[in-house]
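Please read the structure below before turning to the comments.
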Amino acid sequence: MSTFSKGLISRLSRTISINSITTTTTQTSPSSLYYFTLNTRGFSTDIESRASRVIEAKASEMTPKSKRTGLIAVKCGMKAVWDKWGARVPISVLWVDDNIVSQVKTIEKEGIFALQIGCGQKKEKHLTKPEVGHFRAQGVPLKRKLREFPVTEDALLPLGTSLGARHFVPGQYVDVTGVTMGKGFQGTMKRHGYKGMPASHGASLSHRSGGSTGQRDAPGKVFKGKKMAGRMGGKERTVKNIWVYQVDPARNLLWVRGQVPGAEGNFVFIRDAVYKKPDPSELPFPTYFPAEGEEELPLVADLGDVDPFMAVD
């Protein structure tokens, strides 16, 4: 009986609170209700217009605040070339292997403007069921590597858009991210560049040791961050401001000057440089759309008309 009475009392109190809210709403001035309805209508119209956004694969003008997507490439190795002035240029060869847009993320659904890029190919038996379901839901081929690149709203691309090496232009600077080669457990001399202890006098079986690591009874501990022996390499690192020497669109190869993180066969992620920003008027935006029947010739960076080895008067 007590349980029944408690339930009845809670229902009555809830009904009374609802009636009070309804009474308060009816007593509200018509003008405030009009403005509330007007704002609600505008808000819903804005949501509908954003939800019905149509993303087209067409070239547009890039602004200084625009941010393009990046690419996924495979590190093929290093070589050396000699430019037209006879200078030796160390080159890292990067292969842009069949990059496509595998997912489009918008501010309405995911809360961010981003493009997920897929690279390479992979068989279904080598993927997990959630991965296969993701590709089937998006309606794109199975990919070996995925990476998300934040972009601005004007740099969005339709699902399934193909991206090639012409996304970058010779002469621009890029940032390349990859996982460095693992060196295993190493000592302080190799890991941190320590000089080491004396080689003969004054050192007894401690020629390559790290030396003292702490103090006496106070503080009586080793401070965090002390450079000591440990695992070396195998971490994600970014090399910034790498110069693009040549673009080979026929083979989807990028020739960049200098080294990039990782071993041969590893994936690297290439984006427009943050510090040495390229000229927006020289970049294809949001990406390069090749014309039908276009001849794919290698593009080399402009090295100028002045021989750097000639003495200047």
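Ordering of the structure tokens sets the chain letters (A, B, ...); residue numbers start at 1 within each chain; ligands are numbered from 1 in the order shown.
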Per residue of stretch 98-181 of chain A within 12 Å of stretch 295-312 of chain A, record the nearest atom pair and its distance in Å to one decimal, counting only C-alpha atoms, with rows in chain order and ascending residue number, as JSON lines.
{"residue": "A:Gly164", "atom": "CA", "partner": "A:Glu296", "partner_atom": "CA", "distance": 11.6}
{"residue": "A:Ala165", "atom": "CA", "partner": "A:Pro298", "partner_atom": "CA", "distance": 10.5}
{"residue": "A:Arg166", "atom": "CA", "partner": "A:Leu299", "partner_atom": "CA", "distance": 9.2}
{"residue": "A:Phe168", "atom": "CA", "partner": "A:Leu299", "partner_atom": "CA", "distance": 10.6}
{"residue": "A:Val169", "atom": "CA", "partner": "A:Leu299", "partner_atom": "CA", "distance": 8.1}
{"residue": "A:Pro170", "atom": "CA", "partner": "A:Ala301", "partner_atom": "CA", "distance": 4.5}
{"residue": "A:Gly171", "atom": "CA", "partner": "A:Ala301", "partner_atom": "CA", "distance": 4.8}
{"residue": "A:Gln172", "atom": "CA", "partner": "A:Ala301", "partner_atom": "CA", "distance": 8.4}
{"residue": "A:Tyr173", "atom": "CA", "partner": "A:Ala301", "partner_atom": "CA", "distance": 11.2}
Once you have the residues from the selection above, write them out as a tab-separated table (two decimals), in the first residue's frame, restricted to N, CA and C atoms.
chain	number	residue	atom	x	y	z
A	164	GLY	N	47.05	12.01	-56.98
A	164	GLY	CA	48.32	11.58	-57.52
A	164	GLY	C	49.46	12.46	-57.08
A	165	ALA	N	50.63	12.20	-57.67
A	165	ALA	CA	51.82	12.96	-57.31
A	165	ALA	C	51.72	14.41	-57.73
A	166	ARG	N	50.88	14.74	-58.72
A	166	ARG	CA	50.73	16.12	-59.16
A	166	ARG	C	50.01	16.97	-58.12
A	168	PHE	N	51.30	17.82	-55.49
A	168	PHE	CA	52.38	18.72	-55.10
A	168	PHE	C	53.10	19.20	-56.36
A	169	VAL	N	53.75	20.33	-56.24
A	169	VAL	CA	54.44	20.93	-57.38
A	169	VAL	C	55.93	21.00	-57.09
A	170	PRO	N	56.79	20.86	-58.10
A	170	PRO	CA	58.24	20.97	-57.87
A	170	PRO	C	58.61	22.36	-57.37
A	171	GLY	N	59.52	22.40	-56.43
A	171	GLY	CA	59.97	23.66	-55.87
A	171	GLY	C	59.30	24.05	-54.57
A	172	GLN	N	58.19	23.39	-54.20
A	172	GLN	CA	57.53	23.73	-52.95
A	172	GLN	C	58.16	22.94	-51.81
A	173	TYR	N	57.83	23.33	-50.58
A	173	TYR	CA	58.33	22.65	-49.39
A	173	TYR	C	57.19	21.86	-48.76
Counting only C-alpha atoms, the residue of A:Lys75, A:Leu156, A:Gly225, A:Gly233 that sits nearest A:Leu94: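 When distances to A:Leu94 are compared using only C-alpha atoms, the smallest one comes from A:Lys75.
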Shell of 7 Å around stretch 258-270 of chain A, only C-alpha atoms, local chain residues under 3 positions omitted, as a VMD selection string: chain A and resid 70 to 77 90 to 92 174 to 181 237 239
Find, counting only C-alpha atoms, the residue in A:Pro150, A:Gly182, A:Pro130, A:Pro284 that gets nearest to A:Gly111. A:Pro150
Using only C-alpha atoms, determine which residues lie at most 12 Å from A:Gln116, disregarding the query and same-chain residues fewer than 5 positions distant; provide the list as JSON, numbers by chain. {"A": [69, 70, 71, 72, 99, 100, 101, 102, 103, 104, 105, 106, 134, 135, 138, 140, 143, 145, 146, 147, 148, 149, 150, 151, 156, 157, 158, 159, 160, 161, 163]}
Produce a file of the selected residues containing N, CA and C atoms, as an mmCIF file, in the first residue's frame.
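Once everything was written out, this is selection.cif:
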data_model
loop_
_atom_site.group_PDB
_atom_site.id
_atom_site.type_symbol
_atom_site.label_atom_id
_atom_site.label_comp_id
_atom_site.auth_asym_id
_atom_site.auth_seq_id
_atom_site.Cartn_x
_atom_site.Cartn_y
_atom_site.Cartn_z
ATOM 1 N N THR A 69 44.501 18.691 -48.301
ATOM 2 C CA THR A 69 44.766 17.381 -47.748
ATOM 3 C C THR A 69 46.196 16.955 -48.062
ATOM 4 N N GLY A 70 46.653 15.950 -47.352
ATOM 5 C CA GLY A 70 47.970 15.383 -47.606
ATOM 6 C C GLY A 70 47.859 14.081 -48.381
ATOM 7 N N LEU A 71 48.994 13.414 -48.579
ATOM 8 C CA LEU A 71 49.043 12.151 -49.302
ATOM 9 C C LEU A 71 49.796 11.112 -48.478
ATOM 10 N N ILE A 72 49.541 9.842 -48.802
ATOM 11 C CA ILE A 72 50.272 8.723 -48.223
ATOM 12 C C ILE A 72 51.187 8.162 -49.292
ATOM 13 N N ASN A 99 46.308 6.615 -54.188
ATOM 14 C CA ASN A 99 45.613 7.339 -53.117
ATOM 15 C C ASN A 99 44.208 7.725 -53.563
ATOM 16 N N ILE A 100 43.228 7.461 -52.706
ATOM 17 C CA ILE A 100 41.858 7.895 -52.957
ATOM 18 C C ILE A 100 41.261 8.435 -51.661
ATOM 19 N N VAL A 101 40.182 9.183 -51.790
ATOM 20 C CA VAL A 101 39.441 9.672 -50.628
ATOM 21 C C VAL A 101 38.505 8.557 -50.173
ATOM 22 N N SER A 102 38.775 7.983 -48.987
ATOM 23 C CA SER A 102 37.992 6.857 -48.494
ATOM 24 C C SER A 102 36.883 7.283 -47.533
ATOM 25 N N GLN A 103 36.925 8.515 -47.026
ATOM 26 C CA GLN A 103 35.856 9.016 -46.160
ATOM 27 C C GLN A 103 35.933 10.531 -46.098
ATOM 28 N N VAL A 104 34.764 11.161 -46.093
ATOM 29 C CA VAL A 104 34.658 12.614 -45.964
ATOM 30 C C VAL A 104 33.997 12.926 -44.628
ATOM 31 N N LYS A 105 34.677 13.715 -43.797
ATOM 32 C CA LYS A 105 34.147 14.081 -42.486
ATOM 33 C C LYS A 105 33.770 15.562 -42.504
ATOM 34 N N THR A 106 32.564 15.857 -42.035
ATOM 35 C CA THR A 106 32.057 17.224 -42.028
ATOM 36 C C THR A 106 31.752 17.653 -40.601
ATOM 37 N N HIS A 134 33.864 -0.968 -42.852
ATOM 38 C CA HIS A 134 34.070 0.460 -43.096
ATOM 39 C C HIS A 134 34.193 0.746 -44.590
ATOM 40 N N PHE A 135 34.999 -0.060 -45.288
ATOM 41 C CA PHE A 135 35.170 0.153 -46.728
ATOM 42 C C PHE A 135 33.876 -0.127 -47.488
ATOM 43 N N GLN A 138 31.461 2.799 -47.057
ATOM 44 C CA GLN A 138 31.837 3.980 -47.826
ATOM 45 C C GLN A 138 31.781 3.727 -49.325
ATOM 46 N N VAL A 140 34.117 2.135 -51.220
ATOM 47 C CA VAL A 140 35.429 2.342 -51.837
ATOM 48 C C VAL A 140 36.194 1.021 -51.809
ATOM 49 N N LYS A 143 41.720 -0.828 -48.854
ATOM 50 C CA LYS A 143 42.996 -0.129 -48.849
ATOM 51 C C LYS A 143 43.919 -0.691 -47.764
ATOM 52 N N LYS A 145 46.467 1.181 -46.204
ATOM 53 C CA LYS A 145 46.811 2.161 -45.170
ATOM 54 C C LYS A 145 45.838 3.313 -45.234
ATOM 55 N N LEU A 146 45.411 3.773 -44.052
ATOM 56 C CA LEU A 146 44.494 4.904 -43.944
ATOM 57 C C LEU A 146 45.138 5.998 -43.108
ATOM 58 N N ARG A 147 44.799 7.239 -43.463
ATOM 59 C CA ARG A 147 45.292 8.391 -42.692
ATOM 60 C C ARG A 147 44.303 9.530 -42.853
ATOM 61 N N GLU A 148 44.027 10.205 -41.746
ATOM 62 C CA GLU A 148 43.102 11.337 -41.766
ATOM 63 C C GLU A 148 43.883 12.639 -41.780
ATOM 64 N N PHE A 149 43.483 13.539 -42.674
ATOM 65 C CA PHE A 149 44.125 14.849 -42.797
ATOM 66 C C PHE A 149 43.078 15.934 -42.581
ATOM 67 N N PRO A 150 43.237 16.777 -41.560
ATOM 68 C CA PRO A 150 42.312 17.901 -41.380
ATOM 69 C C PRO A 150 42.433 18.893 -42.534
ATOM 70 N N VAL A 151 41.302 19.377 -43.016
ATOM 71 C CA VAL A 151 41.274 20.334 -44.120
ATOM 72 C C VAL A 151 40.277 21.433 -43.782
ATOM 73 N N LEU A 156 37.396 20.311 -49.299
ATOM 74 C CA LEU A 156 36.780 18.988 -49.283
ATOM 75 C C LEU A 156 36.695 18.411 -50.686
ATOM 76 N N LEU A 157 36.838 17.089 -50.776
ATOM 77 C CA LEU A 157 36.771 16.381 -52.049
ATOM 78 C C LEU A 157 35.722 15.286 -51.961
ATOM 79 N N PRO A 158 35.093 14.935 -53.098
ATOM 80 C CA PRO A 158 34.083 13.869 -53.062
ATOM 81 C C PRO A 158 34.699 12.515 -52.725
ATOM 82 N N LEU A 159 33.868 11.631 -52.249
ATOM 83 C CA LEU A 159 34.296 10.278 -51.902
ATOM 84 C C LEU A 159 34.769 9.550 -53.157
ATOM 85 N N GLY A 160 35.924 8.888 -53.056
ATOM 86 C CA GLY A 160 36.465 8.135 -54.175
ATOM 87 C C GLY A 160 37.351 8.926 -55.117
ATOM 88 N N THR A 161 37.602 10.203 -54.829
ATOM 89 C CA THR A 161 38.466 11.015 -55.688
ATOM 90 C C THR A 161 39.895 10.484 -55.657
ATOM 91 N N LEU A 163 43.915 10.723 -56.044
ATOM 92 C CA LEU A 163 44.955 11.718 -55.796
ATOM 93 C C LEU A 163 46.284 11.163 -56.281
#
Filtered DSSP result for stretch 95-152 of chain A, state helix (DSSP H, G or I), as a PyMOL selection string: chain A and resi 124-126+129-138
Every residue of stretch 100-276 of chain A that DSSP places in strand (DSSP E), as a ChimeraX atom specification: /A:100-105,114-119,145-150,162-163,173-179,184-186,230-232,236-248,253-257,267-272
Any chance you could export the current selection's C-alpha atoms as a compact mmCIF listing (two decimals), in the first residue's frame?
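Output (out30.txt):
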# COMPACT_ATOMS: atom_id res chain seq x y z
CA ILE A 100 41.86 7.90 -52.96
CA VAL A 101 39.44 9.67 -50.63
CA SER A 102 37.99 6.86 -48.49
CA GLN A 103 35.86 9.02 -46.16
CA VAL A 104 34.66 12.61 -45.96
CA LYS A 105 34.15 14.08 -42.49
CA ALA A 114 38.72 16.22 -42.64
CA LEU A 115 39.48 13.74 -45.41
CA GLN A 116 40.46 10.15 -44.82
CA ILE A 117 42.92 9.01 -47.48
CA GLY A 118 43.49 5.36 -48.39
CA CYS A 119 46.67 4.01 -49.98
CA LYS A 145 46.81 2.16 -45.17
CA LEU A 146 44.49 4.90 -43.94
CA ARG A 147 45.29 8.39 -42.69
CA GLU A 148 43.10 11.34 -41.77
CA PHE A 149 44.13 14.85 -42.80
CA PRO A 150 42.31 17.90 -41.38
CA SER A 162 41.86 9.82 -56.93
CA LEU A 163 44.95 11.72 -55.80
CA TYR A 173 58.33 22.65 -49.39
CA VAL A 174 56.55 19.79 -47.62
CA ASP A 175 56.51 18.17 -44.17
CA VAL A 176 57.03 14.40 -44.16
CA THR A 177 55.95 12.24 -41.21
CA GLY A 178 56.99 8.64 -40.67
CA VAL A 179 58.10 6.07 -38.11
CA GLY A 184 66.65 -1.55 -30.17
CA PHE A 185 68.11 -1.01 -26.69
CA GLN A 186 71.14 1.30 -27.01
CA GLY A 230 66.96 2.67 -23.48
CA ARG A 231 65.02 1.89 -26.62
CA MET A 232 66.07 3.98 -29.57
CA GLU A 236 56.77 8.84 -35.25
CA ARG A 237 58.78 11.87 -36.30
CA THR A 238 58.26 14.71 -38.76
CA VAL A 239 60.96 16.23 -40.96
CA LYS A 240 59.92 19.75 -41.89
CA ASN A 241 60.62 21.94 -44.89
CA ILE A 242 61.70 19.26 -47.37
CA TRP A 243 62.18 20.58 -50.88
CA VAL A 244 60.37 18.83 -53.74
CA TYR A 245 62.93 18.38 -56.51
CA GLN A 246 60.92 16.48 -59.12
CA VAL A 247 57.43 15.11 -59.73
CA ASP A 248 56.95 12.07 -62.00
CA LEU A 253 56.82 9.36 -57.82
CA LEU A 254 57.96 12.30 -55.71
CA TRP A 255 61.67 13.13 -55.54
CA VAL A 256 62.42 15.15 -52.43
CA ARG A 257 65.76 16.48 -51.24
CA PHE A 267 54.58 4.50 -45.22
CA VAL A 268 55.14 8.24 -44.93
CA PHE A 269 52.61 11.07 -44.82
CA ILE A 270 53.23 14.20 -46.88
CA ARG A 271 51.61 17.59 -46.30
CA ASP A 272 52.21 21.17 -47.33
Could you jot down the atom CA of A:Pro286 to atom CA of A:Ala137 separation for me, Å, one decimal place?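 We find that atom CA of A:Pro286 and atom CA of A:Ala137 lie 24.6 Å from each other.
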